[in-house]
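> Here it is, the structure, as C-alpha cells.
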Amino acid sequence: MALRTYLQAISDGLREALAGDESVFVMGEDVGAFGGAFKVTDGLQAEFGPDRVRDAPIAEAGIIGSAVGAAIAGMRPVCEMQFSDFVACGFDQLVNVAGKMHYRVGLSVPLVLRLPSGGGFAGGPFHSQNPEAWFMHAPGLKVVAPSTPEDAKGLLAAAIADPNPVVFMEHKHLYRRIKGEVPGHPYATPFSARVARAGSDLTVIAYGAMVHAALEAAEDLEGASVEVLDLRSLAPLDEEAILDSVAKTSKVLVIDEANRTCAAGAEVASLIADRAFGHLDGPVRRLATPDVPIPFSPPLEEAVIPTADRIAEACRELLDY
Amino acid sequence: MLDAADRRGLLRAMVLMRAVEERGLSLYKQGKIPGSFYDGRGQEAISVGATWALGAADAVCSPLIRDLGAHLVRGTDLAEIFRHYMGRENELSHGREGNVHFGDRRVGVVGMVSMLPDMMVVAGGLAMAFKLRSEQRCALSFFGDGATSRGDWHEAMNWAALYGLPVIFVLENNQFAYSTPTSRQFAREPVARAAAYGVAAVSVDGNDVEAVFEATREARERALAGDGPTLIEARTLRMHGHGAHDDASYIPTELLEEWLGRDPIERLASRLGEEETAAVEAEVAAQIDAALARAMEAPMPAPGTAGDDVFCVGEPVTLGEGAAPWSGFAAPDPLPAAA
C-alpha cells in the first residue's frame with residue numbers, strides 16, 4: 001500500500017493497464033506530450049510512445065467514434081474528454097453508436113471514456129458539470145463514479161476489463177485534495193456500492209465528491225448514527241446495497257452534485273419508494289444542485305452545489321421527523 | 001484486372017440486389033415487412049463494385065440503406081436478410097435493428113446507424129487499430145452526399161488524413177438527400193473538400209461497376225501501402241424515392257429518364273450478352289425463392305427476448321472475415337507490402 005492522491009491513483013491505473021495489455025491505448029486532447037490538462041496522463045507518452053498515448057485533434061465525436069471502431073477491432077481504448085462538459089460534442093457517438101452496438105449487431109465495444117467532472121473551483125458553466133445521468137438513461141452504457149483513490153484505481157481497472165462501454169466519472173475536485181492508501185498492484189473493484197461509514201439512524205446516499213461532503217456532515221451530527229453509502233457505480237445501480245441500508249436505518253437522504261431533475265439520486269429515491277416503502281420512517285429526501293448552469297463567481301457557485309453544512313442541516317431535519 | 005468470372009459475378013450480385021429489393025418491396029406492400037422499406041435501385045454498381053475489391057479481412061463500416069450489394073458480396077446469408085427484413089428471428093440482430101439496417105459481423109460488416117455519417121468516424125477507428133497492429137487490412141465506409149454537411153464527416157476526413165489511415169470512403173452522390181438536391185446542400189463539391197483535408201479524392205461514374213471496382217482497388221492498394229485514405233465519389237441518381245413511402249415527385253422526370261439510360265445492370269449485361277444475362281437472372285430468381293421459403297419458416301422473436309444482450313457478457317465479440325471474390329486475390333500477392 002502507498003499513500004496516493006485520487007489523481008495519482010488514476011494515473012497508476014492507466015500505467016498498469018498500458019503495461020499489462022497491448023490492446024490498451026490512451027487517447028484524448030493534450031493527453032500525450034503535455035500529460036493532460038490535469039496531468040493525469042503525465043509521463044505515459046514517454047513510457048509507452050505516441051501510438052499508445054495519443055494526442056487527438058479537438059474533436060470529441062472523432063475521439064469517441066474512432067475509439068468505437070478500434071474497440072470493435074479488438075482494442076481497448078481509454079479516452080479522455082478534457083472536461084466532462086465537452087462530451088456533449090461526442091454524445092451521438094457514445095449514446096447512439098457505442099451504447100447500442102452490442103444489442104443491434106452483437107459487436108462488443110470495450111471502451112472507457114474518462115470524464116473529469118464536477119465543480120467547486122470557479123470553473124463556470126462549461127467546466128463544472130456532472131453529466132452522469134445523461135448516460136444512465138442511455139441503454140448499453142455503464143457509469144461509474146469513484147470517490148476514493150483506492151476505488152478510482154480499482155474501478156478503472158474493472159472498466160478497462162469490461163467488454164462494454166464504460167463512462168468513468170472522475171471528480172476534478174478530488175484530484176489532489178483526496179489522498180488514501182492504494183495497493184501497489186493491479187486489482188479490480190466491482191461495480192457495486194460501498195458503506196463509507198456505518199450507522200443506524202439515517203442513511204446518506206452519495207457518490208463522487210458528495211461522499212466526502214456527506215462524511216464531513218456526518219461528523220458534525222453529534223449524537224446521531226449516520227450511515228454513508230457510496231454508490232460507486234450508477235449503472236448498474238447496486239439496488240440491494242441501497243435497500244439493505246434503508247432497511248437498517250429507515251431514513252434516507254440522497255445527494256447529487258448534478259442538477260436535480262432526473263439525476264442519479266432521483267432514480268435511487270424512486271427505487272426506495274417502490275421497494276423499501278415498508279421500511280421508511282420518514283420521507284425520502286433529496287439534496288441536489290438546482291436546475292441551473294453552474295455559475296462562475298464563488299458565492300454563486302457555493303449557493304448551488306450541496307455543501308457539508310446543508311447536508312448536515314437536511315440530516316437534522318430528517319432525524320427530527 | 002477483372003476476368004470473365006468476375007464480370008459474371010458482378011452482374012450476378014447487382015441482379016441479385018435489385019431482385020431482392022424488388023421482392024422486399026412486394027413483401028412490404030403485402031404487409032410482411034414492418035416499418036417502411038428503402039432500396040438502392042439504380043445504385044447497385046456502387047456497393048457491388050466497391051466491395052468486390054476488398055480482401056477477406058477488410059471491414060465494411062458500414063453499408064447504408066442503398067448498399068445491399070455490399071452484404072451480398074461479403075457473403076451474408078440471403079435467408080437471414082429476408083428474416084431480418086420481416087422482423088423474424090435471425091442471427092444478424094434478432095429482430096432488434098431496423099429492417100434495412102443490419103450488418104453481419106461474422107463477414108466483417110458493421111451495421112450502420114441512422115445518424116449519417118457517424119460510421120465514417122468509426123471506420124477511421126477500425127483503420128487506426130489495423131495500422132497500430134501493422135495489419136494488412138483496410139476499412140471501407142459508404143456515405144451519401146447529404147452526409148458531407150455534418151460535422152462527423154469533417155472529423156472523419158481530418159482524422160483519416162492526419163494519421164494516414166488505411167480507410168476508403170465511398171461517396172454515393174445520388175444527387176438528393178431525401179428531397180434536397182445537392183445544389184441546396186453545399187457550395188463546394190465533396191471531392192474538393194476532401195482534397196482540402198488531405199484525402200486523395202477521385203470521382204467516377206457510379207453506374208459503371210468496373211469503374212467503381214477499379215477506383216476501390218487502387219484506393220485499397222494505396223491504403224495497404226501506407227499511403228493513407230481515399231475518397232471515391234461515385235456519381236449516380238437514386239431511381240426510387242427515399243423510401244417506399246416517398247413518390248419522389250420532386251425529381252424531374254427528364255432527369256430520371258436520362259439516368260434510366262445509364263442503368264448499371266443493363267450496361268454490364270449488354271457486355272456479357274443476352275444468354276449469360278438470362279442465365280444469371282434465372283439463377284437469381286431461384287436463389288431468392290429458396291431463401292425466402294427458408295426465411296418464412298423462421299418464427300417471430302419471442303417478446304421476452306426484447307431485453308436481452310443490451311450488454312456483452314464474457315469475452316468481447318469482434319469482426320470475422322468475409323468473402324473476397326475478386327479473381328485478383330487468387331494470385332500469389334496482388335498487393336505491395338506496406339511502406
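Just so we're on the same page: first chain in the C-alpha cells is A, next is B, and so on; residues restart at 1 for each chain, and ligands are numbered from 1 in the order they show up.
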Using only C-alpha atoms and a distance of at most 8 Å, pull out the residues of chain B that contact chain A, as an MDAnalysis selection string.
chainID B and resid 92:93 96:97 102:105 110:111 113 118:119 121:130 132 152 155:156 159 308:319
> If you run DSSP on the backbone, which residues of stretch 106-184 of chain A are strand (DSSP E or B), as a list in words?
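These are the residues in question: Val112, Leu113, Arg114, Leu115, Pro116, Ser117, Lys142, Val143, Val144, Val166, Val167, Phe168, Met169, Glu170, His171, Lys179, Gly180, Glu181 and Val182 of chain A.
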> Hey, what's within 12 Å of A:Tyr321 if we count only C-alpha atoms and toss same-chain stuff fewer than 2 positions away? As a ChimeraX atom specification, please?
/A:201-202,250-252,280-285,314-319
> Using all heavy atoms, can you export the residues from the last selection as a tab-separated table (two decimals), in the first residue's frame?

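After the write, out35.tsv holds the following:
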chain	number	residue	atom	x	y	z
A	201	ASP	N	-29.13	5.34	12.29
A	201	ASP	CA	-30.28	6.26	12.41
A	201	ASP	C	-30.74	6.83	11.08
A	201	ASP	O	-31.91	7.21	10.93
A	201	ASP	CB	-29.91	7.44	13.33
A	201	ASP	CG	-29.61	6.98	14.75
A	201	ASP	OD1	-30.08	5.89	15.13
A	201	ASP	OD2	-28.88	7.70	15.45
A	202	LEU	N	-29.83	6.94	10.15
A	202	LEU	CA	-30.12	7.63	8.89
A	202	LEU	C	-29.07	7.22	7.85
A	202	LEU	O	-27.90	7.09	8.18
A	202	LEU	CB	-30.03	9.16	9.13
A	202	LEU	CG	-29.96	10.10	7.94
A	202	LEU	CD1	-31.31	10.19	7.25
A	202	LEU	CD2	-29.52	11.49	8.38
A	250	SER	N	-34.04	3.21	8.10
A	250	SER	CA	-35.41	3.69	7.90
A	250	SER	C	-35.55	5.16	7.49
A	250	SER	O	-36.65	5.65	7.28
A	250	SER	CB	-36.27	3.46	9.15
A	250	SER	OG	-36.27	2.10	9.48
A	251	LYS	N	-34.43	5.86	7.42
A	251	LYS	CA	-34.50	7.25	6.94
A	251	LYS	C	-33.38	7.46	5.93
A	251	LYS	O	-32.27	6.96	6.12
A	251	LYS	CB	-34.32	8.23	8.11
A	251	LYS	CG	-35.54	8.29	9.01
A	251	LYS	CD	-35.37	9.31	10.11
A	251	LYS	CE	-36.67	9.42	10.91
A	251	LYS	NZ	-36.53	10.33	12.07
A	252	VAL	N	-33.69	8.23	4.89
A	252	VAL	CA	-32.68	8.34	3.84
A	252	VAL	C	-32.66	9.73	3.19
A	252	VAL	O	-33.70	10.33	2.93
A	252	VAL	CB	-32.87	7.21	2.78
A	252	VAL	CG1	-34.25	7.27	2.16
A	252	VAL	CG2	-31.80	7.26	1.71
A	280	LEU	N	-39.64	2.57	5.63
A	280	LEU	CA	-39.38	4.01	5.82
A	280	LEU	C	-40.07	4.55	7.06
A	280	LEU	O	-41.21	4.20	7.38
A	280	LEU	CB	-39.84	4.79	4.58
A	280	LEU	CG	-38.98	4.61	3.32
A	280	LEU	CD1	-39.66	5.31	2.14
A	280	LEU	CD2	-37.58	5.15	3.55
A	281	ASP	N	-39.34	5.44	7.71
A	281	ASP	CA	-39.87	6.10	8.90
A	281	ASP	C	-39.82	7.61	8.68
A	281	ASP	O	-39.64	8.37	9.63
A	281	ASP	CB	-39.00	5.68	10.11
A	281	ASP	CG	-39.71	5.97	11.42
A	281	ASP	OD1	-40.94	6.14	11.41
A	281	ASP	OD2	-39.01	6.04	12.45
A	282	GLY	N	-39.92	8.01	7.44
A	282	GLY	CA	-39.86	9.43	7.08
A	282	GLY	C	-39.81	9.55	5.58
A	282	GLY	O	-39.63	8.55	4.88
A	283	PRO	N	-39.99	10.77	5.06
A	283	PRO	CA	-39.95	10.95	3.60
A	283	PRO	C	-38.53	10.70	3.06
A	283	PRO	O	-37.55	10.90	3.77
A	283	PRO	CB	-40.33	12.42	3.41
A	283	PRO	CG	-39.97	13.07	4.70
A	283	PRO	CD	-40.14	12.05	5.78
A	284	VAL	N	-38.47	10.27	1.80
A	284	VAL	CA	-37.16	10.17	1.13
A	284	VAL	C	-36.79	11.59	0.71
A	284	VAL	O	-37.49	12.20	-0.09
A	284	VAL	CB	-37.22	9.25	-0.10
A	284	VAL	CG1	-35.86	9.20	-0.79
A	284	VAL	CG2	-37.68	7.87	0.29
A	285	ARG	N	-35.73	12.11	1.29
A	285	ARG	CA	-35.33	13.49	0.99
A	285	ARG	C	-34.18	13.53	0.00
A	285	ARG	O	-33.33	12.64	0.00
A	285	ARG	CB	-34.88	14.18	2.29
A	285	ARG	CG	-36.04	14.60	3.17
A	285	ARG	CD	-36.56	15.98	2.74
A	285	ARG	NE	-37.93	16.20	3.17
A	285	ARG	CZ	-38.29	16.61	4.40
A	285	ARG	NH1	-37.38	16.83	5.32
A	285	ARG	NH2	-39.56	16.81	4.70
A	314	ALA	N	-30.00	19.12	6.43
A	314	ALA	CA	-31.04	18.23	5.91
A	314	ALA	C	-31.11	16.95	6.75
A	314	ALA	O	-32.21	16.40	6.98
A	314	ALA	CB	-30.76	17.88	4.45
A	315	CYS	N	-29.97	16.48	7.23
A	315	CYS	CA	-29.94	15.28	8.09
A	315	CYS	C	-30.67	15.56	9.40
A	315	CYS	O	-31.46	14.74	9.87
A	315	CYS	CB	-28.50	14.88	8.41
A	315	CYS	SG	-27.63	14.10	7.04
A	316	ARG	N	-30.40	16.74	9.97
A	316	ARG	CA	-31.05	17.08	11.26
A	316	ARG	C	-32.56	17.11	11.11
A	316	ARG	O	-33.29	16.58	11.94
A	316	ARG	CB	-30.55	18.45	11.75
A	316	ARG	CG	-29.22	18.36	12.46
A	316	ARG	CD	-28.83	19.70	13.13
A	316	ARG	NE	-27.38	19.77	13.14
A	316	ARG	CZ	-26.65	20.46	12.26
A	316	ARG	NH1	-27.23	21.18	11.32
A	316	ARG	NH2	-25.34	20.44	12.34
A	317	GLU	N	-33.02	17.72	10.05
A	317	GLU	CA	-34.48	17.79	9.80
A	317	GLU	C	-35.08	16.39	9.72
A	317	GLU	O	-36.14	16.12	10.27
A	317	GLU	CB	-34.77	18.51	8.48
A	317	GLU	CG	-34.80	20.01	8.60
A	317	GLU	CD	-35.05	20.66	7.24
A	317	GLU	OE1	-35.67	19.99	6.36
A	317	GLU	OE2	-34.60	21.80	7.05
A	318	LEU	N	-34.36	15.54	9.03
A	318	LEU	CA	-34.87	14.18	8.81
A	318	LEU	C	-34.80	13.36	10.11
A	318	LEU	O	-35.71	12.58	10.42
A	318	LEU	CB	-34.06	13.52	7.70
A	318	LEU	CG	-34.66	12.36	6.94
A	318	LEU	CD1	-36.08	12.63	6.48
A	318	LEU	CD2	-33.77	12.05	5.72
A	319	LEU	N	-33.73	13.57	10.88
A	319	LEU	CA	-33.59	12.84	12.15
A	319	LEU	C	-34.71	13.25	13.12
A	319	LEU	O	-35.20	12.44	13.91
A	319	LEU	CB	-32.22	13.12	12.79
A	319	LEU	CG	-31.03	12.44	12.09
A	319	LEU	CD1	-29.72	13.11	12.48
A	319	LEU	CD2	-31.00	10.95	12.40
> Would you mind listing what lies within 10 Å of stretch 240-244 of chain B as an MDAnalysis selection string, with only C-alpha atoms counted and same-chain residues fewer than 6 positions away left out?
chainID B and resid 25 28:29 35:42 65:66 176:179 250:251 256
> Report as a list of chain:residue names all protein, DNA and RNA residues lying within 8 Å of stretch 2-7 of chain B, evaluated on only C-alpha atoms, omitting residues in the same chain fewer than 4 positions from it.
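The contact residues come out as B:Leu11, B:Leu268, B:Leu272, B:Pro325, B:Trp326, B:Ser327, B:Gly328.
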> Take the residues from that selection and write them out as an mmCIF file, in the first residue's frame, keeping C-alpha atoms.

data_model
loop_
_atom_site.group_PDB
_atom_site.id
_atom_site.type_symbol
_atom_site.label_atom_id
_atom_site.label_comp_id
_atom_site.auth_asym_id
_atom_site.auth_seq_id
_atom_site.Cartn_x
_atom_site.Cartn_y
_atom_site.Cartn_z
ATOM 1 C CA LEU B 11 -23.580 -8.912 -62.798
ATOM 2 C CA LEU B 268 -22.797 -4.742 -67.845
ATOM 3 C CA LEU B 272 -21.938 -10.105 -71.275
ATOM 4 C CA PRO B 325 -14.481 -12.895 -54.632
ATOM 5 C CA TRP B 326 -12.155 -10.858 -56.838
ATOM 6 C CA SER B 327 -10.041 -13.134 -59.035
ATOM 7 C CA GLY B 328 -7.007 -10.937 -58.295
#
> With distances taken over only C-alpha atoms, which of A:Pro293, A:Ile10, A:Ala196, A:Ala157 is nearest to A:Met210?
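With only C-alpha atoms as the atom set, the closest residue is A:Ala196.
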> If we count only C-alpha atoms and set the cut-off at 12 Å, which residues sit around stretch 221-228 of chain B, ignoring sequence neighbours fewer than 5 positions away in its own chain? Please answer as a short mmCIF file (atom, residue, chain, number, x, y, z; two decimals) with N, CA, C and O atoms, in the first residue's frame.

data_model
loop_
_atom_site.label_atom_id
_atom_site.label_comp_id
_atom_site.auth_asym_id
_atom_site.auth_seq_id
_atom_site.Cartn_x
_atom_site.Cartn_y
_atom_site.Cartn_z
N ALA B 53 -13.67 -5.33 -54.53
CA ALA B 53 -12.22 -5.08 -54.47
C ALA B 53 -11.62 -5.36 -53.10
O ALA B 53 -10.42 -5.22 -52.91
N LEU B 54 -12.46 -5.72 -52.11
CA LEU B 54 -11.97 -5.89 -50.74
C LEU B 54 -11.42 -7.29 -50.47
O LEU B 54 -11.92 -8.28 -51.02
N GLY B 55 -10.44 -7.35 -49.59
CA GLY B 55 -9.90 -8.62 -49.12
C GLY B 55 -10.75 -9.17 -47.99
O GLY B 55 -11.58 -8.45 -47.41
N ASP B 58 -10.68 -7.30 -44.65
CA ASP B 58 -11.08 -5.88 -44.64
C ASP B 58 -12.46 -5.75 -44.00
O ASP B 58 -13.24 -6.70 -43.96
N GLY B 124 -12.74 4.98 -39.46
CA GLY B 124 -11.40 5.52 -39.20
C GLY B 124 -10.78 4.85 -37.98
O GLY B 124 -9.58 4.57 -37.96
N ALA B 127 -9.57 1.45 -38.91
CA ALA B 127 -8.32 1.59 -39.67
C ALA B 127 -7.16 1.94 -38.73
O ALA B 127 -6.03 1.48 -38.93
N MET B 128 -7.46 2.73 -37.71
CA MET B 128 -6.44 3.10 -36.72
C MET B 128 -5.93 1.85 -36.01
O MET B 128 -4.73 1.69 -35.80
N PHE B 130 -6.05 -1.24 -37.18
CA PHE B 130 -5.30 -2.06 -38.16
C PHE B 130 -3.87 -1.52 -38.29
O PHE B 130 -2.90 -2.26 -38.32
N LYS B 131 -3.76 -0.19 -38.34
CA LYS B 131 -2.46 0.43 -38.51
C LYS B 131 -1.59 0.24 -37.25
O LYS B 131 -0.40 -0.07 -37.36
N LEU B 132 -2.22 0.42 -36.08
CA LEU B 132 -1.49 0.23 -34.81
C LEU B 132 -0.88 -1.17 -34.73
O LEU B 132 0.21 -1.36 -34.22
N SER B 134 -0.13 -3.03 -37.28
CA SER B 134 0.60 -3.31 -38.53
C SER B 134 -0.04 -4.44 -39.33
O SER B 134 0.65 -5.32 -39.85
N GLU B 135 -1.37 -4.42 -39.43
CA GLU B 135 -2.08 -5.45 -40.19
C GLU B 135 -2.33 -4.95 -41.62
O GLU B 135 -2.58 -3.77 -41.83
N GLN B 136 -2.28 -5.86 -42.57
CA GLN B 136 -2.54 -5.51 -43.97
C GLN B 136 -4.04 -5.59 -44.23
O GLN B 136 -4.54 -6.54 -44.85
N ARG B 137 -4.77 -4.62 -43.69
CA ARG B 137 -6.22 -4.58 -43.84
C ARG B 137 -6.66 -3.12 -43.98
O ARG B 137 -5.97 -2.22 -43.53
N CYS B 138 -7.81 -2.93 -44.56
CA CYS B 138 -8.36 -1.58 -44.59
C CYS B 138 -9.84 -1.62 -44.22
O CYS B 138 -10.45 -2.68 -44.14
N ALA B 139 -10.38 -0.42 -43.98
CA ALA B 139 -11.81 -0.29 -43.70
C ALA B 139 -12.43 0.52 -44.83
O ALA B 139 -11.78 1.41 -45.38
N LEU B 140 -13.67 0.18 -45.17
CA LEU B 140 -14.37 0.91 -46.23
C LEU B 140 -15.70 1.40 -45.67
O LEU B 140 -16.42 0.66 -45.00
N MET B 157 -12.73 13.04 -42.11
CA MET B 157 -11.76 13.43 -43.15
C MET B 157 -10.44 13.86 -42.51
O MET B 157 -9.36 13.40 -42.90
N ASN B 158 -10.55 14.75 -41.55
CA ASN B 158 -9.34 15.29 -40.90
C ASN B 158 -8.56 14.18 -40.21
O ASN B 158 -7.34 14.09 -40.32
N TRP B 159 -9.28 13.33 -39.51
CA TRP B 159 -8.67 12.24 -38.74
C TRP B 159 -7.91 11.29 -39.68
O TRP B 159 -6.76 10.94 -39.44
N ALA B 160 -8.58 10.89 -40.74
CA ALA B 160 -8.00 9.91 -41.66
C ALA B 160 -6.76 10.47 -42.34
O ALA B 160 -5.75 9.77 -42.50
N ALA B 161 -6.82 11.74 -42.73
CA ALA B 161 -5.67 12.36 -43.41
C ALA B 161 -4.52 12.58 -42.43
O ALA B 161 -3.37 12.30 -42.73
N LEU B 162 -4.86 13.07 -41.24
CA LEU B 162 -3.84 13.37 -40.23
C LEU B 162 -3.01 12.13 -39.90
O LEU B 162 -1.79 12.19 -39.81
N TYR B 163 -3.70 11.01 -39.72
CA TYR B 163 -3.00 9.79 -39.31
C TYR B 163 -2.65 8.87 -40.49
O TYR B 163 -2.11 7.79 -40.28
N GLY B 164 -3.00 9.29 -41.70
CA GLY B 164 -2.69 8.47 -42.87
C GLY B 164 -3.32 7.09 -42.77
O GLY B 164 -2.66 6.07 -43.00
N LEU B 165 -4.59 7.06 -42.44
CA LEU B 165 -5.24 5.78 -42.12
C LEU B 165 -5.59 4.96 -43.37
O LEU B 165 -5.95 5.53 -44.41
N PRO B 166 -5.53 3.64 -43.25
CA PRO B 166 -5.93 2.76 -44.36
C PRO B 166 -7.46 2.64 -44.43
O PRO B 166 -8.05 1.65 -44.00
N VAL B 167 -8.08 3.70 -44.94
CA VAL B 167 -9.54 3.73 -45.00
C VAL B 167 -9.98 4.28 -46.35
O VAL B 167 -9.32 5.13 -46.94
N ILE B 168 -11.09 3.72 -46.84
CA ILE B 168 -11.65 4.15 -48.13
C ILE B 168 -13.06 4.66 -47.87
O ILE B 168 -13.89 3.95 -47.29
N PHE B 169 -13.31 5.88 -48.28
CA PHE B 169 -14.63 6.47 -48.12
C PHE B 169 -15.32 6.48 -49.48
O PHE B 169 -14.78 7.07 -50.43
N GLY B 198 -6.67 16.82 -47.30
CA GLY B 198 -5.50 15.96 -47.49
C GLY B 198 -5.87 14.52 -47.77
O GLY B 198 -5.04 13.62 -47.63
N VAL B 199 -7.13 14.30 -48.16
CA VAL B 199 -7.57 12.95 -48.52
C VAL B 199 -7.52 12.84 -50.04
O VAL B 199 -8.07 13.70 -50.74
N ALA B 200 -6.87 11.79 -50.56
CA ALA B 200 -6.86 11.59 -52.01
C ALA B 200 -8.31 11.43 -52.47
O ALA B 200 -9.06 10.65 -51.88
N ALA B 201 -8.72 12.19 -53.48
CA ALA B 201 -10.13 12.18 -53.87
C ALA B 201 -10.26 11.98 -55.37
O ALA B 201 -9.59 12.65 -56.16
N GLU B 214 -12.45 -0.50 -59.99
CA GLU B 214 -11.07 -0.11 -60.26
C GLU B 214 -10.61 1.01 -59.30
O GLU B 214 -9.50 0.95 -58.77
N ALA B 215 -11.50 1.97 -59.05
CA ALA B 215 -11.14 3.06 -58.13
C ALA B 215 -10.92 2.51 -56.72
O ALA B 215 -10.00 2.94 -56.00
N THR B 216 -11.74 1.55 -56.33
CA THR B 216 -11.61 0.98 -54.98
C THR B 216 -10.35 0.13 -54.88
O THR B 216 -9.66 0.14 -53.86
N ASP B 333 0.43 -12.68 -54.61
CA ASP B 333 0.42 -11.49 -53.76
C ASP B 333 0.13 -10.28 -54.60
O ASP B 333 1.02 -9.65 -55.16
N PRO B 334 -1.16 -9.95 -54.77
CA PRO B 334 -1.53 -8.86 -55.67
C PRO B 334 -1.18 -7.49 -55.12
O PRO B 334 -1.27 -6.50 -55.84
N LEU B 335 -0.80 -7.42 -53.84
CA LEU B 335 -0.63 -6.10 -53.24
C LEU B 335 0.81 -5.87 -52.81
O LEU B 335 1.48 -6.79 -52.36
N PRO B 336 1.26 -4.66 -52.95
CA PRO B 336 2.62 -4.36 -52.49
C PRO B 336 2.68 -4.40 -50.96
O PRO B 336 1.67 -4.18 -50.30
N ALA B 337 3.84 -4.66 -50.42
CA ALA B 337 3.99 -4.67 -48.97
C ALA B 337 3.84 -3.25 -48.44
O ALA B 337 4.04 -2.28 -49.16
N ALA B 338 3.46 -3.14 -47.17
CA ALA B 338 3.28 -1.83 -46.56
C ALA B 338 4.61 -1.11 -46.49
O ALA B 338 5.67 -1.73 -46.37
N ALA B 339 4.54 0.21 -46.60
CA ALA B 339 5.76 1.02 -46.54
C ALA B 339 6.40 0.89 -45.16
O ALA B 339 5.71 0.75 -44.17
#
> Would you pick out the contacts of B:Asp263 at 9 Å or less, using only C-alpha atoms, so that residues sharing its chain but fewer than 2 positions from it are not included, and give the list as a PyMOL selection string?
chain B and resi 42-43+207-208+259-261+265-268
> Can you tell me how far atom CA of B:Trp52 sits from atom CA of B:Ala324, in Å to one decimal?
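According to the coordinates, atom CA of B:Trp52 and atom CA of B:Ala324 are separated by 6.8 Å.
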> Please return, as a PyMOL selection string, all residues of stretch 190-265 of chain A that DSSP assigns to alpha helix (DSSP H) on the basis of the backbone.
chain A and resi 209-220+239-249+264-265
